[in-house]
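*Asks:* Take this structure, written in C-alpha cells, and hold onto it; I'll ask about it next.
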Amino acid sequence: MRIVITGSTGYIGSHLTDLALQRGFDVVAASRQKPESSAVLWLSYDLSSADAVVLPDDTVAVLHLAANLPHDISISDEQEQFSANKLIKSAQAVGARFIFISSQTANPDAPTAYGRIKWRIEQDVLAAGGWVVRPGQVYGGRERGLFGTLVDTVRRLPVLPAFLPSPNVQPIHVDDLAQCLLSIAVGADTRPRVWCLAASEPVSFTRFLRAIASDRVRRFRLPFPIPVMAIQAMASILGPQWMARIGMARLSSLFDLPVMETASDLQRMGLTLRPLRSGMHRSGNGRRRQLAEEGLSLLTYVLRERPKASVIRHYVRIIEQLRDGVPLGLPTWIIGLPVMLVLLDDRAYAESARGAEFAWRLEAATVLAEATPQGARRFLDRKPGALRALVGMSYPVFAEIFWRALRIPCKPFLWRYMHESWGCQ
Amino acid sequence: MPVKPEFDVVIVGSGPSGISAAFPLVESGLSVLLVDGGRQATLSPPSHAFLESRRQDADQWKWMIGEGFHALQNRDAVSPKLRVPVHGYVFEGFATVNRIEPQSFVAVGSLAAGGLSNAWGCGVARLSKAEMSAYPFSAADIEGSYRAVAQRMGVSGGQADELSEYFGLDEYSQPPIRMDALHTDLYDRYKKHRLALGKNGFRLGRSRVAVLSRDLNGRKACDLLENCLWGCHRRAMYSAFDELPALQRHGNFHYESGFVVEGIARNENGWLVEGQRGSQERRSVSARKVMLAAGTLATTRLALQTLKLHQPIPLLSCPTAAFLLWLPRLTGFQRTGAFGLGQLSYAVDIKDGISAFGSTFATTGIMVSEFVRHLPMSRRYGIDLLGVLLSSCLVGNVFLPGHLTLAKAALAANGSLTVSGSYSDQVPCLMVEVGKKLRKAYFRMGAVLMPMSFTVGMPGGDIHYAGTLPMRIAPELGETDTFGELHGAEGMYVVDAACLPELSEKSHTLTIMANADRIAHYVANTMKSHT
C-alpha cells in the first residue's frame with residue numbers, strides 16, 4: 001500500500017516513515033530535499049511552490065505533516081493554506097485519504113500564528129472530507145522539533161525552569177503517534193473527524209522537563225522557579241518578533257493550551273500510550289531500567305549498601321513475573337537518596353492501593369536482600385558484646401522516632417506525588 | 001461367580017498414618033496396595049551449616065526464595081514453612097486436586113509421598129489416660145502401638161524432667177539433642193524456680209521430637225547445622241517417605257505413586273477404588289478392605305462421598321498463637337549453629353481444666369524478614385534493631401485443645417468439601433490468660449515475652465485437623481467404630497486423624513500413627529482368621 005508523507009524528513013515525519021517502512025508500506029516522501037534513504041520514493045514538494053503536485057495513482061493516503069517550521073517569513077500563512085488545499089485536490093484526484101497533522105494549539109483565536117493557520121487548514125481538510133489529527137506534546141525518539149529544543153535546553157541549562165504556575169502538557173510518544181497515523185491512514189473509519197491524540201491526564205510542564213532531565217539527559221537538575229508573569233511582561237516589552245527570534249514564541253503558546261479530551265479517541269484507537277518516563281528513555285522503553293533503578297533504591301534502603309547487580313536483576317524479574325511489571329514511579333530524589341524511602345515505609349501508606357504495592361515490593365526487596373551473603377552480614381552478624389548491642393538497639397529506635405516526626409509534614413505531598421506518578425513514569 | 005479382589009487392603013495415602021497402617025498388614029502377609037498423590041522433592045536441601053551457607057553461598061536465594069520466587073508467591077501463607085522452596089512440593093496442588101474449599105479457614109494438606117510429614121515440626125507425645133477418656137478403648141490397648149511406632153520412627157529428647165510424664169515417651173526415646181546457649185540458660189533458671197512455677201501450673205522440659213540424636217535405619221543423627229526449616233540433608237527429621245523402602249522389601253507390598261483417589265464404590269466382595277493416575281490414565285483397583293489415610297480433609301471428603309452424607313460435621317483444630325521471647329542477659333550474644341526445632345517445651349494449666357502446650361525455637365534458622373514484617377517499624381530500622389536483638393531471642397508457639405475451634409466440614413452438592421470455622425468465644429479470653437501466665441513464668445526465668453509479639457494465629461493454621469469421623473463405641477452415621485470402621489460402610493477404615501474423637505493441645509502425630517498401627521493389627525488379625 002502506497003502512502004505519501006509530506007514533511008517526511010521532519011521530527012514526526014521521519015519516525016512515521018520508519019514505522020511505515022517497517023510495516024511494509026510503500027512510502028513516497030514528499031519534501032524539499034531528496035531523502036537519503038533509498039527505501040522511499042521522492043516527490044519534490046515545497047510549501048512555497050505554486051506547482052501542482054501529481055501523486056502516484058495507487059496512493060491510498062496522504063499524510064500532511066509539512067509545516068512552516070522553523071518559521072520562514074518568506075512563506076506567508078496564506079501560502080501555507082494554499083499549498084495544503086492544492087495537496088487536498090491532488091489526493092482527491094487519485095482517490096486517496098487526506099490526513100492533516102494539526103496541533104493542540106489549533107484555534108481561530110490562538111495567540112500564535114501557528115495555531116491560527118493550523119485551525120484554518122483544519123477547516124479546509126474537514127470540508128474536503130479529510131481527517132485531522134491533533135497531537136499533544138510529542139516527545140521521544142530523535143531529538144528534533146520542539147522536543148529536540150527542550151532536550152537541548154535541559155542539557156545546557158544548569159537548572160530546570162519551573163514555571164509558576166506550571167502549564168500543563170499532554171504528552172504522546174512520537175512512535176505511538178506514528179502508529180496512530182498509520183491506523184487512521186488504512187483504518188475502517190470513513191467518517192471525517194478530528195482525532196485528539198495525547199495522554200488523557202495532563203502533566204505539568206515542569207514534570208515533563210524533569211522526565212527529560214532524569215530519563216533522557218540523565219542528569220540531576222534543580223528546579224528553578226520562573227513566574228509566568230515575568231515572561232509575559234518580557235513578551236510585551238520585546239514584542240513578538242524578538243520573542244520568535246529567541247525561541248520563546250512556541251513556548252509561550254504552551255501557557256494557554258486548552259486541555260484536550262483524548263480518552264475516547266485513544267480508546268477508539270485501541271492504544272495504550274507508553275508511560276512518559278518509559279518513552280523518554282533513548283530506547284523508547286525505559287521500563288526495565290526504571291525497575292532496576294527502583295530495585296537498586298529499595299535494596300540499598302534495606303541493605304544500607306549497594307546490592308550486587310544479580311540481586312537487582314532478580315528484583316526486576318520478580319516485578320515482571322509476579323506483579324504488573326510497571327515501575328512505581330518513585331521521585332528521582334528518592335531513587336538517588338534511598339534513605340528517603342523511610343517516608344513511604346509506613347503502615348498508614350500501605351492501606352492505599354499504591355501503598356500496598358509499594359509495601360509488597362519493599363517486602364520482596366527485603367527478602368531478596370536477606371538471601372545473599374551481603375544480607376547475612378546485615379541481618380545476622382553483629383560484633384558481640386552487650387554494650388555494643390544496647391547502642392545498636394537504641395540507635396534505630398531514635399532514628400525511627402526522628403523519621404516518623406519528619407513523615408508528618410511530608411506525607412500529604414509525597415503521597416500525592418506517588419498517586420500522580422502512577423502510570424506516567 | 002464374583003471376581004477375586006486384586007488386593008486384600010488398599011491404603012489411600014502414604015503419610016504417617018498410611019505407613020503406620022501398612023506395616024502390620026504387610027508383616028502379617030496380606031497383600032497391600034499403597035497409593036498416594038506421588039509428588040516428590042525436586043530440590044535438595046542445603047548441605048552446609050546454615051550460618052556458613054548464609055555467609056558464603058551466593059546462590060542461597062535458590063533455596064531460600066526459590067528460582068520461581070516461591071517464597072514471595074506464598075508471601076501470605078500462615079507459616080514460614082509454607083514459603084520454603086524445598087517444601088513447595090509437599091503442599092502444592094492439594095486443595096485443587098482433592099477438591100477442598102476453605103472458607104476463612106486455613107486448609108493445608110499434601111499430595112506428596114510421605115504426606116505432610118515431609119515438612120513438619122516433629123513434635124511427638126503420648127496421650128495420658130485422662131486424655132483418652134473420650135476414646136472408645138483403653139490406654140493399654142494402644143500402649144504396644146505407641147512403642148512400636150516410636151521405636152520405628154526414632155524419637156529423641158527423653159530425660160527425667162518435669163515433662164517426662166506429660167510426653168510419656170522416655171522409655172523409647174534417644175537422648176536429647178544438644179540445646180543452644182539461650183535454651184540452656186533458660187532451662188538453668190527454670191530449675192531454680194521449678195517449684196514456684198509448678199505451683200502456678202507451669203512445667204518446662206525438653207521437647208520430645210521425632211528427630212534422631214543417634215543414627216537409625218539409614219537415617220543420620222542431627223548434626224546441628226540448623227537447616228531444620230529448609231530441609232534436613234541427613235534425614236534426621238522423621239518423614240514417612242523414608243519408611244517406604246522398608247515396606248518395599250516385602251513382596252506382598254505394592255506401591256502406586258501418583259494415583260489420586262477420586263471415589264470409592266462398593267462392589268460384590270469389597271471395594272472398588274477409582275481415581276486418576278498421572279494426568280490422563282483412569283485407574284481402578286478392587287480390594288476387600290480400604291483404609292483412608294489421606295489426611296483428615298481428603299479422607300473426610302472421600303468418606304462423606306461414599307456415605308453420600310451432605311450434612312455439616314464438626315472438625316477439630318487447635319487454636320494457636322506465637323510469641324517472641326527475649327533473654328536480656330544474652331543481649332549481644334553471637335549466633336552459633338543450633339537445633340532448629342523445639343528445644344524446650346512447656347505445659348501450662350489455664351483454667352477449668354484447659355491447658356496449653358508449646359515449644360520454643362532458636363531464631364537463627366528463620367529469616368529475619370519473617371520478624372521484620374510484623375514489627376511496627378520501618379524496614380531499615382527494624383532490620384537494624386532485630387539484627388542485634390534476635391540473637392538473644394527465642395520464638396515460642398502455643399496450642400490449645402482442638403475442641404476450642406468451632407469448624408465444620410461439609411460435602412457440597414458439587415462433590416467438593418467446604419471447610420469453614422472460627423475460634424470459640426472462649427479463645428480470646430484463654431489466649432489473654434495464656435499470654436499472662438507465660439509472661440509471668442518466663443519473667444521469673446529472666447526472659448521477657450516481648451510486648452505486642454503475642455499473636456493469635458488464623459483458624460486452621462495449626463494444621464492439626466482431626467475428629468470429623470470420630471471413633472465411638474456405638475457409632476452413628478458419619479462416625480466410626482472402635483477400630484475406625486466407617487459406620488454404614490463396612491470394610492472401609494479411617495486410620496488418620498479424622499477418626500480421633502478428641503484433639504488435645506499436644507502434638508498428635510504419634511497418636512495418629514499409633515492408632516493406625518492399632519487398627520491395622522486388628523484388621524490383619526480378623527482377616528487372617530477369616531481365611
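Just so we're on the same page: first chain in the C-alpha cells is A, next is B, and so on; residues restart at 1 for each chain, and ligands are numbered from 1 in the order they show up.
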Which residues are close to Val285 in chain B, i.e. within 10 Å by only C-alpha atoms, leaving aside same-chain residues fewer than 6 positions away? Reply as a list of chain:residue names.
*Replies:* B:Pro5, B:Glu6, B:Phe7, B:Val10, B:Leu33, B:Ile264, B:Trp271, B:Leu272, B:Val273, B:Glu274, B:Gly275
*Asks:* Restricting it to C-alpha atoms, dump the selection as a compact mmCIF listing (two decimals), in the first residue's frame.
*Replies:*
# COMPACT_ATOMS: atom_id res chain seq x y z
CA PRO B 5 -10.29 -58.69 44.57
CA GLU B 6 -6.82 -57.66 43.43
CA PHE B 7 -5.66 -56.76 46.94
CA VAL B 10 -5.83 -50.63 49.65
CA LEU B 33 -1.58 -51.62 47.83
CA ILE B 264 -14.62 -45.43 46.32
CA TRP B 271 -14.43 -52.05 47.38
CA LEU B 272 -13.51 -50.51 44.06
CA VAL B 273 -11.06 -47.66 44.44
CA GLU B 274 -11.16 -45.33 41.46
CA GLY B 275 -9.05 -42.38 40.50
*Asks:* For Glu92 in chain B, find every residue with an atom within 9 Å (counting only C-alpha atoms), except residues of its own chain fewer than 6 positions away, and show them as a PyMOL selection string.
*Replies:* chain B and resi 39+109-112
*Asks:* Could you save the residues just selected, with N, CA and C atoms, as a PDB file, in the first residue's frame?
*Replies:*
ATOM      1  N   ARG B  39       3.696 -36.723  44.660  1.00  0.00           N
ATOM      2  CA  ARG B  39       4.636 -35.596  44.491  1.00  0.00           C
ATOM      3  C   ARG B  39       5.908 -35.890  45.271  1.00  0.00           C
ATOM      4  N   GLY B 109      -2.844 -29.447  53.097  1.00  0.00           N
ATOM      5  CA  GLY B 109      -2.729 -30.898  53.016  1.00  0.00           C
ATOM      6  C   GLY B 109      -1.626 -31.220  52.046  1.00  0.00           C
ATOM      7  N   SER B 110      -1.495 -32.505  51.692  1.00  0.00           N
ATOM      8  CA  SER B 110      -0.350 -32.877  50.872  1.00  0.00           C
ATOM      9  C   SER B 110      -0.682 -33.956  49.853  1.00  0.00           C
ATOM     10  N   LEU B 111      -0.079 -33.810  48.695  1.00  0.00           N
ATOM     11  CA  LEU B 111      -0.137 -34.860  47.674  1.00  0.00           C
ATOM     12  C   LEU B 111       1.209 -35.571  47.582  1.00  0.00           C
ATOM     13  N   ALA B 112       2.088 -35.268  48.530  1.00  0.00           N
ATOM     14  CA  ALA B 112       3.453 -35.798  48.447  1.00  0.00           C
ATOM     15  C   ALA B 112       3.513 -37.227  48.961  1.00  0.00           C
TER      16      ALA B 112
END
*Asks:* Separation of CA of Phe23 in chain B and CA of Leu247 in chain B, in Å?
*Replies:* 6.9 Å
*Asks:* Can you work out the spacing between CA of Trp242 in chain A and CA of Thr112 in chain A in Å, to one decimal?
*Replies:*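 Computing it gives 13.7 Å between the two atoms.
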*Asks:* As a PyMOL selection string, please: every residue in range 406-528 of chain B that DSSP puts in helix (DSSP H, G or I).
*Replies:* chain B and resi 426-444+497-499+509-528
*Asks:* Counting only C-alpha atoms, what is within 12 Å of Gln321 in chain A, bar same-chain residues fewer than 2 positions away, as an mmCIF file with C-alpha atoms, in the first residue's frame?
*Replies:*
data_model
loop_
_atom_site.group_PDB
_atom_site.id
_atom_site.type_symbol
_atom_site.label_atom_id
_atom_site.label_comp_id
_atom_site.auth_asym_id
_atom_site.auth_seq_id
_atom_site.Cartn_x
_atom_site.Cartn_y
_atom_site.Cartn_z
ATOM 1 C CA HIS A 314 16.175 -10.747 40.474
ATOM 2 C CA TYR A 315 14.138 -7.797 41.669
ATOM 3 C CA VAL A 316 13.270 -6.834 38.099
ATOM 4 C CA ARG A 317 12.301 -10.428 37.305
ATOM 5 C CA ILE A 318 10.067 -10.626 40.372
ATOM 6 C CA ILE A 319 8.200 -7.458 39.476
ATOM 7 C CA ARG A 323 3.457 -8.139 39.615
ATOM 8 C CA ASP A 324 2.432 -5.926 36.706
ATOM 9 C CA GLY A 325 5.999 -5.016 35.743
ATOM 10 C CA VAL A 326 5.241 -1.298 35.894
ATOM 11 C CA GLU B 67 14.061 -19.877 41.304
ATOM 12 C CA GLY B 68 10.372 -19.297 40.640
ATOM 13 C CA PHE B 69 10.275 -16.993 43.694
ATOM 14 C CA HIS B 70 8.192 -19.497 45.650
ATOM 15 C CA LEU B 72 7.236 -14.452 47.519
ATOM 16 C CA GLN B 73 4.388 -16.213 45.770
#
*Asks:* Tell me which protein, DNA and RNA residues are within 9 Å of Asn118 in chain B, counting only C-alpha atoms, leaving out same-chain ones fewer than 6 positions away, and put them as a PyMOL selection string.
*Replies:* chain B and resi 15+87+90+112+231+237-241
*Asks:* Please dump the current selection as a PDB file, in the first residue's frame; keep N, CA and C atoms.
*Replies:*
ATOM      1  N   GLY B  15       1.222 -40.927  54.073  1.00  0.00           N
ATOM      2  CA  GLY B  15       1.718 -40.140  55.196  1.00  0.00           C
ATOM      3  C   GLY B  15       1.926 -41.018  56.410  1.00  0.00           C
ATOM      4  N   HIS B  87      10.230 -27.316  50.265  1.00  0.00           N
ATOM      5  CA  HIS B  87       8.987 -27.978  50.689  1.00  0.00           C
ATOM      6  C   HIS B  87       7.817 -27.683  49.761  1.00  0.00           C
ATOM      7  N   VAL B  90       5.420 -30.378  48.834  1.00  0.00           N
ATOM      8  CA  VAL B  90       4.643 -31.040  49.894  1.00  0.00           C
ATOM      9  C   VAL B  90       3.202 -30.521  49.907  1.00  0.00           C
ATOM     10  N   ALA B 112       2.088 -35.268  48.530  1.00  0.00           N
ATOM     11  CA  ALA B 112       3.453 -35.798  48.447  1.00  0.00           C
ATOM     12  C   ALA B 112       3.513 -37.227  48.961  1.00  0.00           C
ATOM     13  N   GLY B 231      15.062 -28.014  55.260  1.00  0.00           N
ATOM     14  CA  GLY B 231      15.190 -29.386  54.787  1.00  0.00           C
ATOM     15  C   GLY B 231      16.465 -30.009  55.314  1.00  0.00           C
ATOM     16  N   MET B 237      15.229 -35.723  60.655  1.00  0.00           N
ATOM     17  CA  MET B 237      13.828 -35.460  60.993  1.00  0.00           C
ATOM     18  C   MET B 237      12.975 -36.540  60.329  1.00  0.00           C
ATOM     19  N   TYR B 238      12.032 -37.067  61.080  1.00  0.00           N
ATOM     20  CA  TYR B 238      11.235 -38.165  60.544  1.00  0.00           C
ATOM     21  C   TYR B 238      10.359 -37.708  59.384  1.00  0.00           C
ATOM     22  N   SER B 239      10.362 -38.495  58.319  1.00  0.00           N
ATOM     23  CA  SER B 239       9.370 -38.343  57.271  1.00  0.00           C
ATOM     24  C   SER B 239       8.893 -39.739  56.925  1.00  0.00           C
ATOM     25  N   ALA B 240       7.589 -39.884  56.786  1.00  0.00           N
ATOM     26  CA  ALA B 240       7.034 -41.193  56.446  1.00  0.00           C
ATOM     27  C   ALA B 240       7.633 -41.701  55.132  1.00  0.00           C
ATOM     28  N   PHE B 241       8.046 -40.777  54.292  1.00  0.00           N
ATOM     29  CA  PHE B 241       8.643 -41.129  52.999  1.00  0.00           C
ATOM     30  C   PHE B 241       9.834 -42.074  53.179  1.00  0.00           C
TER      31      PHE B 241
END
*Asks:* List every residue of chain A that has an atom at most 7 Å from any atom of chain B, and for each one report the closest atom pair and its distance in Å to one decimal, counting only C-alpha atoms, with rows sorted by chain and then by increasing residue number, as CSV.
*Replies:*
residue,atom,partner,partner_atom,distance
A:Tyr301,CA,B:Arg380,CA,6.4
A:Val302,CA,B:Arg380,CA,5.2
A:Val342,CA,B:Ser378,CA,6.3
A:Asp345,CA,B:Ser378,CA,5.5
A:Asp346,CA,B:Ser378,CA,6.5
A:Ala364,CA,B:Leu72,CA,6.6
A:Thr366,CA,B:Ser369,CA,6.5
A:Val367,CA,B:Ser369,CA,6.0
A:Ala371,CA,B:Trp61,CA,5.0
A:Thr372,CA,B:Ala58,CA,6.0
A:Pro373,CA,B:Arg55,CA,4.5
A:Ala376,CA,B:Arg55,CA,5.5
A:Phe379,CA,B:Gly387,CA,5.0
A:Leu380,CA,B:Gly387,CA,5.5
A:Arg382,CA,B:Val388,CA,6.5
A:Pro384,CA,B:Gly332,CA,5.1
A:Gly385,CA,B:Gly332,CA,4.8
A:Ala386,CA,B:Gly332,CA,4.6
A:Ala389,CA,B:Gly332,CA,4.9
A:Gly392,CA,B:Val388,CA,6.5
A:Met393,CA,B:Leu385,CA,5.0
A:Pro396,CA,B:Tyr381,CA,4.8
A:Glu400,CA,B:Tyr381,CA,6.5
*Asks:* Residues of range 184-335 of chain A in strand (DSSP E) according to DSSP, as a VMD selection string?
*Replies:* chain A and resid 194 to 197 203 to 204 222 to 227
*Asks:* List the spatial neighbours of Asp256 in chain A as a list in words - criterion: any atom at most 12 Å away, only C-alpha atoms, same-chain residues fewer than 3 positions off excluded.
*Replies:* Gln104, Thr105, Ala106, Asn107, Asp109, Ala110, Pro111, Thr112, Gly115, Pro165, Ser166, Pro167, Asn168, Val169, Val228, Gln232, Arg250, Leu251, Ser252, Ser253 and Val259 of chain A
*Asks:* For N, CA and C atoms, I'd like the residues from the last selection saved as an mmCIF file, in the first residue's frame.
*Replies:*
data_model
loop_
_atom_site.group_PDB
_atom_site.id
_atom_site.type_symbol
_atom_site.label_atom_id
_atom_site.label_comp_id
_atom_site.auth_asym_id
_atom_site.auth_seq_id
_atom_site.Cartn_x
_atom_site.Cartn_y
_atom_site.Cartn_z
ATOM 1 N N GLN A 104 -2.297 20.848 18.903
ATOM 2 C CA GLN A 104 -3.182 21.070 20.053
ATOM 3 C C GLN A 104 -3.532 22.553 20.164
ATOM 4 N N THR A 105 -2.668 23.403 19.585
ATOM 5 C CA THR A 105 -2.894 24.852 19.706
ATOM 6 C C THR A 105 -3.875 25.369 18.653
ATOM 7 N N ALA A 106 -4.303 24.499 17.715
ATOM 8 C CA ALA A 106 -5.184 24.946 16.637
ATOM 9 C C ALA A 106 -6.454 25.592 17.199
ATOM 10 N N ASN A 107 -6.663 26.825 16.817
ATOM 11 C CA ASN A 107 -7.786 27.584 17.367
ATOM 12 C C ASN A 107 -7.920 28.872 16.558
ATOM 13 N N ASP A 109 -8.706 31.683 17.523
ATOM 14 C CA ASP A 109 -8.196 32.836 18.270
ATOM 15 C C ASP A 109 -6.887 32.504 18.968
ATOM 16 N N ALA A 110 -6.133 31.569 18.412
ATOM 17 C CA ALA A 110 -4.885 31.152 19.066
ATOM 18 C C ALA A 110 -3.937 32.341 19.189
ATOM 19 N N PRO A 111 -3.149 32.378 20.250
ATOM 20 C CA PRO A 111 -2.232 33.508 20.435
ATOM 21 C C PRO A 111 -1.110 33.502 19.396
ATOM 22 N N THR A 112 -0.827 32.350 18.812
ATOM 23 C CA THR A 112 0.248 32.315 17.822
ATOM 24 C C THR A 112 -0.338 32.144 16.420
ATOM 25 N N GLY A 115 -0.908 28.474 15.555
ATOM 26 C CA GLY A 115 -2.183 27.890 15.977
ATOM 27 C C GLY A 115 -3.328 28.310 15.066
ATOM 28 N N PRO A 165 2.524 29.791 37.651
ATOM 29 C CA PRO A 165 2.018 28.414 37.794
ATOM 30 C C PRO A 165 2.410 27.598 36.585
ATOM 31 N N SER A 166 2.616 26.306 36.805
ATOM 32 C CA SER A 166 3.126 25.495 35.707
ATOM 33 C C SER A 166 2.028 25.206 34.687
ATOM 34 N N PRO A 167 2.315 25.422 33.393
ATOM 35 C CA PRO A 167 1.348 24.991 32.382
ATOM 36 C C PRO A 167 1.306 23.471 32.324
ATOM 37 N N ASN A 168 0.242 22.954 31.772
ATOM 38 C CA ASN A 168 0.134 21.508 31.636
ATOM 39 C C ASN A 168 0.327 21.106 30.189
ATOM 40 N N VAL A 169 0.914 19.933 29.984
ATOM 41 C CA VAL A 169 1.015 19.396 28.626
ATOM 42 C C VAL A 169 0.440 17.982 28.634
ATOM 43 N N VAL A 228 5.416 32.933 35.445
ATOM 44 C CA VAL A 228 4.916 33.103 34.081
ATOM 45 C C VAL A 228 4.703 34.593 33.778
ATOM 46 N N GLN A 232 5.533 36.945 30.448
ATOM 47 C CA GLN A 232 4.535 37.728 29.729
ATOM 48 C C GLN A 232 4.933 39.207 29.677
ATOM 49 N N ARG A 250 7.011 29.763 20.575
ATOM 50 C CA ARG A 250 6.307 28.482 20.712
ATOM 51 C C ARG A 250 6.108 28.127 22.169
ATOM 52 N N LEU A 251 7.089 28.530 22.966
ATOM 53 C CA LEU A 251 6.993 28.243 24.390
ATOM 54 C C LEU A 251 5.792 28.961 24.997
ATOM 55 N N SER A 252 5.636 30.234 24.588
ATOM 56 C CA SER A 252 4.542 30.996 25.204
ATOM 57 C C SER A 252 3.182 30.437 24.788
ATOM 58 N N SER A 253 3.147 29.716 23.657
ATOM 59 C CA SER A 253 1.869 29.120 23.267
ATOM 60 C C SER A 253 1.452 28.023 24.241
ATOM 61 N N VAL A 259 -7.100 22.071 27.460
ATOM 62 C CA VAL A 259 -6.975 20.642 27.742
ATOM 63 C C VAL A 259 -7.771 19.885 26.681
#
*Asks:* Residues within 7 Å of range 456-465 of chain B, please, as a list in words. Count only C-alpha atoms; anything in the same chain fewer than 4 positions from it doesn't count.
*Replies:*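 Skipping anything fewer than 4 positions along the chain leaves Val78, Phe105, Val106, Ala107, Val108, Thr296, Leu315, Leu316, Ser317, Cys318, Pro319, Thr320, Ala321, Ala322, Gly421, Ser422, Tyr423 and Ala497 of chain B.
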*Asks:* The selected residues should be written to file as a PDB file, in the first residue's frame (atoms: C-alpha atoms).
*Replies:*
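The resulting file, selection_38.pdb, is reproduced below:
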ATOM      1  CA  VAL B  78       0.349 -18.680  57.538  1.00  0.00           C
ATOM      2  CA  PHE B 105     -10.079 -21.229  57.319  1.00  0.00           C
ATOM      3  CA  VAL B 106      -6.558 -22.376  56.590  1.00  0.00           C
ATOM      4  CA  ALA B 107      -6.712 -25.747  54.826  1.00  0.00           C
ATOM      5  CA  VAL B 108      -3.363 -27.364  54.164  1.00  0.00           C
ATOM      6  CA  THR B 296      -8.174 -35.545  57.666  1.00  0.00           C
ATOM      7  CA  LEU B 315     -13.877 -30.576  62.647  1.00  0.00           C
ATOM      8  CA  LEU B 316     -11.335 -30.266  65.454  1.00  0.00           C
ATOM      9  CA  SER B 317      -8.345 -27.966  65.132  1.00  0.00           C
ATOM     10  CA  CYS B 318      -6.071 -26.421  67.757  1.00  0.00           C
ATOM     11  CA  PRO B 319      -6.148 -22.637  68.211  1.00  0.00           C
ATOM     12  CA  THR B 320      -2.591 -21.351  68.020  1.00  0.00           C
ATOM     13  CA  ALA B 321      -0.516 -18.343  68.920  1.00  0.00           C
ATOM     14  CA  ALA B 322       3.116 -17.341  68.653  1.00  0.00           C
ATOM     15  CA  GLY B 421     -14.839 -22.202  61.061  1.00  0.00           C
ATOM     16  CA  SER B 422     -13.689 -19.832  63.712  1.00  0.00           C
ATOM     17  CA  TYR B 423     -12.411 -19.989  67.255  1.00  0.00           C
ATOM     18  CA  ALA B 497      -6.625 -38.060  62.433  1.00  0.00           C
TER      19      ALA B 497
END
*Asks:* Range 123-242 of chain A near range 43-64 of chain A within 12 Å: what's each residue's closest atom pair and its distance in Å to one decimal, counting only C-alpha atoms, ordered by chain then ascending residue number, as CSV?
*Replies:*
residue,atom,partner,partner_atom,distance
A:Val125,CA,A:His64,CA,10.4
A:Gly130,CA,A:Val62,CA,9.8
A:Trp131,CA,A:Leu63,CA,9.5
A:Val132,CA,A:His64,CA,9.7
A:Val133,CA,A:Leu63,CA,10.0
A:Ala178,CA,A:Leu63,CA,10.6
A:Cys180,CA,A:Leu63,CA,11.7
A:Leu181,CA,A:Leu63,CA,7.9
A:Leu182,CA,A:Leu63,CA,9.0
A:Ser183,CA,A:Ala61,CA,11.0
A:Ile184,CA,A:Ala61,CA,9.2
A:Ala185,CA,A:Ala61,CA,5.7
A:Val186,CA,A:Ala61,CA,7.6
A:Gly187,CA,A:Ala61,CA,10.6
*Asks:* With a distance cut-off of 9 Å and only C-alpha atoms, select the neighbouring residues of Leu324 in chain B, excluding the residue or stretch itself and same-chain residues fewer than 3 positions from it, and output the selection as an mmCIF file with N, CA and C atoms, in the first residue's frame.
*Replies:*
data_model
loop_
_atom_site.group_PDB
_atom_site.id
_atom_site.type_symbol
_atom_site.label_atom_id
_atom_site.label_comp_id
_atom_site.auth_asym_id
_atom_site.auth_seq_id
_atom_site.Cartn_x
_atom_site.Cartn_y
_atom_site.Cartn_z
ATOM 1 N N CYS B 393 17.032 -13.821 71.296
ATOM 2 C CA CYS B 393 15.596 -14.112 71.361
ATOM 3 C C CYS B 393 15.275 -15.545 70.959
ATOM 4 N N LEU B 394 14.143 -16.002 71.463
ATOM 5 C CA LEU B 394 13.587 -17.290 71.043
ATOM 6 C C LEU B 394 12.173 -17.030 70.536
ATOM 7 N N VAL B 395 11.690 -17.906 69.685
ATOM 8 C CA VAL B 395 10.267 -17.822 69.337
ATOM 9 C C VAL B 395 9.541 -18.984 69.985
ATOM 10 N N GLY B 396 8.330 -18.724 70.367
ATOM 11 C CA GLY B 396 7.545 -19.774 71.004
ATOM 12 C C GLY B 396 6.212 -19.924 70.325
ATOM 13 N N ASN B 397 5.603 -21.089 70.471
ATOM 14 C CA ASN B 397 4.246 -21.260 69.974
ATOM 15 C C ASN B 397 3.326 -21.754 71.071
ATOM 16 N N VAL B 448 11.917 -12.048 78.771
ATOM 17 C CA VAL B 448 10.827 -11.098 78.577
ATOM 18 C C VAL B 448 9.998 -11.524 77.372
ATOM 19 N N LEU B 449 8.722 -11.793 77.623
ATOM 20 C CA LEU B 449 7.843 -12.059 76.487
ATOM 21 C C LEU B 449 7.568 -10.697 75.864
ATOM 22 N N MET B 450 8.060 -10.482 74.652
ATOM 23 C CA MET B 450 8.077 -9.134 74.080
ATOM 24 C C MET B 450 6.671 -8.573 73.926
ATOM 25 N N PRO B 451 6.494 -7.329 74.377
ATOM 26 C CA PRO B 451 5.181 -6.694 74.259
ATOM 27 C C PRO B 451 4.747 -6.669 72.798
ATOM 28 N N SER B 453 4.167 -8.919 70.864
ATOM 29 C CA SER B 453 4.605 -10.011 69.990
ATOM 30 C C SER B 453 3.651 -11.196 70.039
ATOM 31 N N PHE B 454 2.818 -11.264 71.078
ATOM 32 C CA PHE B 454 1.920 -12.411 71.231
ATOM 33 C C PHE B 454 0.805 -12.307 70.185
#
